[in-house]
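K.L.:
Please find one structure pasted underneath; my questions will follow.
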Amino acid sequence: MNDKFLKPYDPLETEPKIYKLWEESGYFNPDNLPERHKTPYTIVMPPPNVTGILHVGHALGLTLQDLMIRYQRMQGKKTLWLPGTDHAGIATQSKVEKEIKKNENKSRFDLGREELVHRVEAFAKQSHDTIISQTKVMGASCDWSREAFTLDEKRNLAVRTVFKQMYDDGLIYRGHRIVNWDPKGQTTISDDEVVYEERDAKFYTFKYSKDFPISISTTRPETKVGDTAVAVHPDDTRYQEYIGKEYDAVFCGVPIHIKIITDKEVDKEFGTGALGVTPAHSKIDWEMGQKNNLPVVQVIDEKARMMVGDERILGKKTTEARDIIVEWLKSENLLEKEESVKQNISTAERTGGIIEPLPKLQWFIAVNKPFKIKNSNITGIKTGEETTLKEIMTNVVKNGQTNIIPDYFNKTYFHWIEKLGDWCISRQIWYGHRIPVWYKGTELYCGTEAPKEDGWIQDEDTLDTWFSSGMWTFSTLGWPEKTKDFEIYHPTDVLETAYDILFFWVARMILMTGYVLGDIPFKNVYLHGMVRDAKGRKMSKSLGNNIDPVEMSTKFGTDAERITLIVANTPGTDFKISEDKIRGYKNFANKIWNVTRFVLSNIEGFDVNEKPEIVAENQKQIDELNETIKDITKDIDEYRFYMASEKIYHYFWHNFADIIIEQSKAPIFGTDEKAKKSAQWTTYHILINSLKLLHPFMPFVTEEIWGNLPHKNKKLLMIEEWPA
RNA sequence: GGGCGGUUAGCUCAGUUGGUAGAGCAAUCGCUUUACACGCGAAAGGUCACAGGUUCAAGUCCUGUACCGCCCACCA
């Protein structure tokens, strides 16, 4: 027995050594796996954003994926776990912009496009390196030789190819619409990137002018200089006589022309029952404007400043203009009511900027537009048949081709799809995939390469980061090239990710893959919950309650951290973690170590390769082990990792260590040779099988022990056969 | 406003087709017993949120109520 078993288990010394051993074995790469590994099993890693460092949520994802991969590898699958990182457009650029603002007091416009992109790339490279080393600390057995980046050259070709295809199919179009404009980030964002914050607001009721017949209410009086109509409910008896009439007024120095229209959307009971329609600065108003042919008057610019008015408001910020207009209303005796209300305001997820709805010319993906699908393996949609992107997204999940775990998330998914509108994909930022469209005067060219002739200017915008991550499962396998990898490993087996990006990402992957390949990106989606602190609070810098996964690994060992993240952690449910929890499982790693010490120190002189006659008592224990193996295997196969981990923990500690080992002491220290040999063989047998069962959960300590076991024909534990 | 979860031992959570309530941690008591004090043994702890219903039988199925959490919409 190696002397190191006389001391407690030391993860800090062991883990880097073991990871190196695995990497050098080449077995992370499925091409190097032994003959028996035939059936492919694929997980493509959700690429972490290159915005900094990994948090404990990443650690959870990596642990679950590594668990599945290691289990399937031992089961004899040709396992590919493909790693990568995400350029994360807005998130990364805005982070770097903040730094530059802080350190140099410069904006991106001061630096210019080239310099900014250069800076962002440098930052991204640094983040990338940190993330990769952290991923290795977690023990991730992914194939580094296939590592990808959402913004590298191959992925860029995939992006350009898909863009052109969708453009040619009429699914990508350029349109003038009300979009979510982020004045802080100076870009549009999609509906999904808008987050709501509750704030106190004032709800004002007033008339545009003294002779105007109808009072209206709003929380944003400054937008009223852009009103072109007042809408009332068609059945509202109070306003019948005004319907269809038009009025001129001067509102805080701005001449406005108002038509009285009707719309069923108007709530008679709310406010005065009359709605001032501002087509340029509200989505609903825009639609009313379209229906009624109302003029669109933009009164707020990209910096959220007033574009119209006299010296009182022109050029002022909207919030300042609001106060000025309210003062004016009061002085003119037009203000009838001022109420305090709670209001949800829209903010940009990444920059925190207050969203200003603006009419802008942008690129969109049409989710409801019919097109002929070129090739389809999707149940319910035939090749060549007319369908829509929305229909693809619905069908794939409805018919069970893609199975979401836990299944109640199906409902959330369908609910979201029902309400889904066209997806705004153009961003006015510089870090990302440039839109593959060129202009020359009024001409427009869309292609994977720039047109050869002179005089074409490429679209300034980049694509929403989710456009490229939507293609992740197949772009990482080399598509659009016809690669062997793509042929072998697509569709992938499992996508493991957090439930909060079900819409952002999972749905977009299904959309992209359905459209491009007529197929599913993955057979299963395993959604884990959010990791919270011991009190159930979100982890955040301001609360200072962050748990750093690498620090935990250093303190307690990665194995302890990994199994903490798995035990009692059910899919789709938020999970509370604390140092105390991890500490408990550090003891477990040590227990495994000590059991090994006992077993090894008591088989001196015994040949573990020769199975002796097994006495009835030991046979019963072996049968019990086999039952446990079956049980745990079934749990893992059915994605109940929380249960499998608890069972192996319980079996090892409270059955093997507490009972079997204790009972073995009498025969081992006794004189009955037959009973002794039987007990020696049995404890050894249970130990090696337990190590196999434990390996996907706690890979380091198990591999380290495995290397010190005396039996013949040993391989690395990571490629040993899963017991049956 | 619409939707989805949750409510089980002090805490964190399991409980897979309905069949006498489980684990870990914490707390209690006792142990330096020949692998391990990062340990061992023992005992303790629950009208399974509430009210109805189905059933021979309900933590589990159905209906309703209350509270907590999350997602979506955004009444202008």
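Quick note on naming: the chains in the structure tokens go A, B, ... in the order shown, residues restart at 1 in each chain, and ligands are numbered from 1 in order of appearance.
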I'd like the neighbourhood of Met166 in chain A as number ranges by chain, where a residue qualifies if any of its atoms comes within 12 Å (using only C-alpha atoms (C1' of nucleotides)), though same-chain residues fewer than 2 positions away should be ignored.
P.N.:
A: 159-164, 168-173, 363-367, 369, 371-374, 389, 436, 446-448, 467, 511-512, 515-516
K.L.:
Among range 143-270 of chain A, which residues carry a DSSP assignment of helix (DSSP H, G or I), reported as a ChimeraX atom specification?
P.N.:
/A:144-146,153-168,191-193,221-226,237-242
K.L.:
Counting only C-alpha atoms (C1' of nucleotides), give me one row per residue of range 21-69 of chain B with an atom at most 12 Å from an atom of range 592-604 of chain A, showing the shortest contact pair and its distance in Å to one decimal, sorted by chain then residue number, as JSON lines.
P.N.:
```
{"residue": "B:U34", "atom": "C1'", "partner": "A:Phe598", "partner_atom": "CA", "distance": 11.4}
{"residue": "B:A35", "atom": "C1'", "partner": "A:Phe598", "partner_atom": "CA", "distance": 4.2}
{"residue": "B:C36", "atom": "C1'", "partner": "A:Asn594", "partner_atom": "CA", "distance": 5.3}
{"residue": "B:C38", "atom": "C1'", "partner": "A:Asn594", "partner_atom": "CA", "distance": 10.2}
{"residue": "B:G39", "atom": "C1'", "partner": "A:Asn594", "partner_atom": "CA", "distance": 10.4}
```
K.L.:
Put those residues in a file: N, CA, C and O atoms (P, O5', C5', C4', C3', O3' and C1' of nucleotides), as a PDB file, in the first residue's frame.
P.N.:
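Dumped to again.pdb:
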```pdb
ATOM      1  P     U B  34      -8.766   1.189  19.043  1.00  0.00           P
ATOM      2  O5'   U B  34      -8.812   0.594  17.573  1.00  0.00           O
ATOM      3  C5'   U B  34      -7.760   0.900  16.643  1.00  0.00           C
ATOM      4  C4'   U B  34      -7.253  -0.367  16.013  1.00  0.00           C
ATOM      5  C3'   U B  34      -8.198  -1.008  15.012  1.00  0.00           C
ATOM      6  O3'   U B  34      -8.056  -0.419  13.738  1.00  0.00           O
ATOM      7  C1'   U B  34      -7.483  -2.663  16.504  1.00  0.00           C
ATOM      8  P     A B  35      -9.001  -0.820  12.517  1.00  0.00           P
ATOM      9  O5'   A B  35      -8.769   0.386  11.485  1.00  0.00           O
ATOM     10  C5'   A B  35      -7.591   0.482  10.715  1.00  0.00           C
ATOM     11  C4'   A B  35      -7.706   1.677   9.813  1.00  0.00           C
ATOM     12  C3'   A B  35      -8.317   2.902  10.481  1.00  0.00           C
ATOM     13  O3'   A B  35      -7.315   3.684  11.102  1.00  0.00           O
ATOM     14  C1'   A B  35      -9.474   2.442   8.472  1.00  0.00           C
ATOM     15  P     C B  36      -7.658   4.514  12.408  1.00  0.00           P
ATOM     16  O5'   C B  36      -8.534   5.730  11.858  1.00  0.00           O
ATOM     17  C5'   C B  36      -7.927   6.746  11.045  1.00  0.00           C
ATOM     18  C4'   C B  36      -9.007   7.528  10.361  1.00  0.00           C
ATOM     19  C3'   C B  36      -9.966   8.263  11.285  1.00  0.00           C
ATOM     20  O3'   C B  36      -9.436   9.520  11.667  1.00  0.00           O
ATOM     21  C1'   C B  36     -11.176   7.145   9.575  1.00  0.00           C
ATOM     22  P     C B  38     -11.315  15.912  12.794  1.00  0.00           P
ATOM     23  O5'   C B  38     -12.279  15.485  11.567  1.00  0.00           O
ATOM     24  C5'   C B  38     -13.547  16.163  11.279  1.00  0.00           C
ATOM     25  C4'   C B  38     -14.092  15.480  10.049  1.00  0.00           C
ATOM     26  C3'   C B  38     -13.822  13.983  10.141  1.00  0.00           C
ATOM     27  O3'   C B  38     -14.944  13.165  10.458  1.00  0.00           O
ATOM     28  C1'   C B  38     -12.760  14.967   8.188  1.00  0.00           C
ATOM     29  P     G B  39     -16.287  12.965   9.887  1.00  0.00           P
ATOM     30  O5'   G B  39     -16.499  11.401  10.099  1.00  0.00           O
ATOM     31  C5'   G B  39     -15.462  10.496   9.729  1.00  0.00           C
ATOM     32  C4'   G B  39     -15.130   9.548  10.843  1.00  0.00           C
ATOM     33  C3'   G B  39     -16.289   8.868  11.538  1.00  0.00           C
ATOM     34  O3'   G B  39     -16.849   7.874  10.732  1.00  0.00           O
ATOM     35  C1'   G B  39     -14.706   9.514  13.137  1.00  0.00           C
TER      36        G B  39
END
```
K.L.:
So which residues touch A21 in chain B within 12 Å, counting only C-alpha atoms (C1' of nucleotides), skipping near sequence neighbours fewer than 6 positions away, as a ChimeraX atom specification?
P.N.:
/B:8-9,14-15,46,48,59-60
K.L.:
With a distance threshold of 8 Å and counting only C-alpha atoms (C1' of nucleotides), extract the residues of chain A near chain B and express them as a PyMOL selection string.
P.N.:
chain A and resi 217-218+267+270+275-276+344+408-409+411-412+415-416+568+576+581+586-588+590-591+594-599+643+646
K.L.:
Residues as selected, N, CA, C and O atoms, written as a short mmCIF file (atom, residue, chain, number, x, y, z; two decimals), in the first residue's frame, can you do that?
P.N.:
```cif
data_model
loop_
_atom_site.label_atom_id
_atom_site.label_comp_id
_atom_site.auth_asym_id
_atom_site.auth_seq_id
_atom_site.Cartn_x
_atom_site.Cartn_y
_atom_site.Cartn_z
N SER A 217 -54.75 61.09 -20.20
CA SER A 217 -53.85 60.82 -19.07
C SER A 217 -52.58 60.15 -19.55
O SER A 217 -52.60 59.36 -20.49
N THR A 218 -51.50 60.47 -18.89
CA THR A 218 -50.23 59.83 -19.26
C THR A 218 -49.21 59.96 -18.13
O THR A 218 -49.32 60.84 -17.27
N ASP A 267 -59.30 51.07 -23.12
CA ASP A 267 -60.08 50.69 -21.95
C ASP A 267 -60.89 51.90 -21.49
O ASP A 267 -60.33 52.92 -21.08
N PHE A 270 -60.19 53.06 -17.87
CA PHE A 270 -58.87 53.52 -17.44
C PHE A 270 -58.69 55.01 -17.73
O PHE A 270 -58.94 55.47 -18.84
N LEU A 275 -57.13 58.04 -25.01
CA LEU A 275 -55.69 57.79 -25.05
C LEU A 275 -55.02 58.68 -26.08
O LEU A 275 -55.41 58.70 -27.25
N GLY A 276 -54.04 59.44 -25.62
CA GLY A 276 -53.27 60.24 -26.57
C GLY A 276 -52.33 59.32 -27.34
O GLY A 276 -51.55 58.60 -26.74
N ASN A 344 -44.04 50.00 -14.05
CA ASN A 344 -42.90 49.19 -14.49
C ASN A 344 -42.23 49.89 -15.65
O ASN A 344 -42.85 50.11 -16.68
N TYR A 408 -42.48 20.29 -16.94
CA TYR A 408 -43.41 21.42 -16.83
C TYR A 408 -42.91 22.67 -17.54
O TYR A 408 -43.66 23.61 -17.78
N PHE A 409 -41.62 22.66 -17.90
CA PHE A 409 -41.11 23.80 -18.67
C PHE A 409 -41.64 23.82 -20.10
O PHE A 409 -41.54 24.83 -20.79
N LYS A 411 -44.69 23.91 -20.86
CA LYS A 411 -45.79 24.88 -20.84
C LYS A 411 -45.25 26.30 -20.95
O LYS A 411 -45.78 27.13 -21.69
N THR A 412 -44.18 26.56 -20.21
CA THR A 412 -43.56 27.88 -20.26
C THR A 412 -43.07 28.17 -21.68
O THR A 412 -43.23 29.26 -22.20
N HIS A 415 -45.98 28.80 -24.09
CA HIS A 415 -46.55 30.08 -23.74
C HIS A 415 -45.76 31.22 -24.36
O HIS A 415 -46.30 32.19 -24.89
N TRP A 416 -44.45 31.08 -24.27
CA TRP A 416 -43.56 32.10 -24.83
C TRP A 416 -43.70 32.16 -26.35
O TRP A 416 -43.78 33.24 -26.94
N ALA A 568 -29.41 16.43 -3.89
CA ALA A 568 -30.61 17.18 -3.53
C ALA A 568 -30.86 18.39 -4.43
O ALA A 568 -31.55 19.32 -4.06
N LYS A 576 -29.80 26.13 -3.08
CA LYS A 576 -29.06 26.94 -2.11
C LYS A 576 -27.76 26.25 -1.77
O LYS A 576 -27.74 25.05 -1.50
N LYS A 581 -22.14 23.16 3.58
CA LYS A 581 -22.57 22.00 2.79
C LYS A 581 -21.36 21.34 2.13
O LYS A 581 -21.21 20.13 2.18
N LYS A 586 -16.52 17.20 1.83
CA LYS A 586 -15.07 17.01 1.91
C LYS A 586 -14.79 15.81 2.81
O LYS A 586 -13.93 14.98 2.54
N ASN A 587 -15.58 15.72 3.87
CA ASN A 587 -15.45 14.57 4.77
C ASN A 587 -15.74 13.26 4.05
O ASN A 587 -15.14 12.24 4.33
N PHE A 588 -16.66 13.34 3.12
CA PHE A 588 -17.00 12.13 2.37
C PHE A 588 -15.82 11.67 1.51
O PHE A 588 -15.51 10.48 1.45
N ASN A 590 -12.80 12.12 2.11
CA ASN A 590 -11.83 11.54 3.03
C ASN A 590 -12.26 10.15 3.49
O ASN A 590 -11.45 9.27 3.69
N LYS A 591 -13.58 9.99 3.60
CA LYS A 591 -14.10 8.67 3.99
C LYS A 591 -13.74 7.63 2.93
O LYS A 591 -13.34 6.52 3.26
N ASN A 594 -10.22 6.70 3.41
CA ASN A 594 -9.95 5.87 4.58
C ASN A 594 -10.45 4.44 4.41
O ASN A 594 -9.83 3.50 4.91
N VAL A 595 -11.57 4.30 3.73
CA VAL A 595 -12.06 2.95 3.46
C VAL A 595 -11.03 2.22 2.60
O VAL A 595 -10.71 1.05 2.83
N THR A 596 -10.50 2.95 1.63
CA THR A 596 -9.46 2.36 0.78
C THR A 596 -8.27 1.91 1.61
O THR A 596 -7.73 0.82 1.42
N ARG A 597 -7.88 2.76 2.55
CA ARG A 597 -6.77 2.40 3.42
C ARG A 597 -7.03 1.08 4.14
O ARG A 597 -6.19 0.19 4.17
N PHE A 598 -8.23 0.97 4.68
CA PHE A 598 -8.58 -0.25 5.41
C PHE A 598 -8.52 -1.47 4.49
O PHE A 598 -7.92 -2.49 4.80
N VAL A 599 -9.17 -1.33 3.33
CA VAL A 599 -9.23 -2.47 2.42
C VAL A 599 -7.83 -2.86 1.96
O VAL A 599 -7.46 -4.03 2.01
N MET A 643 -30.72 11.94 -7.06
CA MET A 643 -31.04 10.74 -6.34
C MET A 643 -29.91 9.72 -6.43
O MET A 643 -29.56 9.07 -5.44
N GLU A 646 -27.18 10.70 -4.05
CA GLU A 646 -27.51 10.45 -2.66
C GLU A 646 -27.42 8.96 -2.35
O GLU A 646 -26.98 8.56 -1.27
#
```
K.L.:
Rounded to one decimal in Å, what is the spacing between CA of Asp422 in chain A and CA of His528 in chain A?
P.N.:
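Atom-to-atom, CA of Asp422 in chain A and CA of His528 in chain A are spaced 28.1 Å apart.
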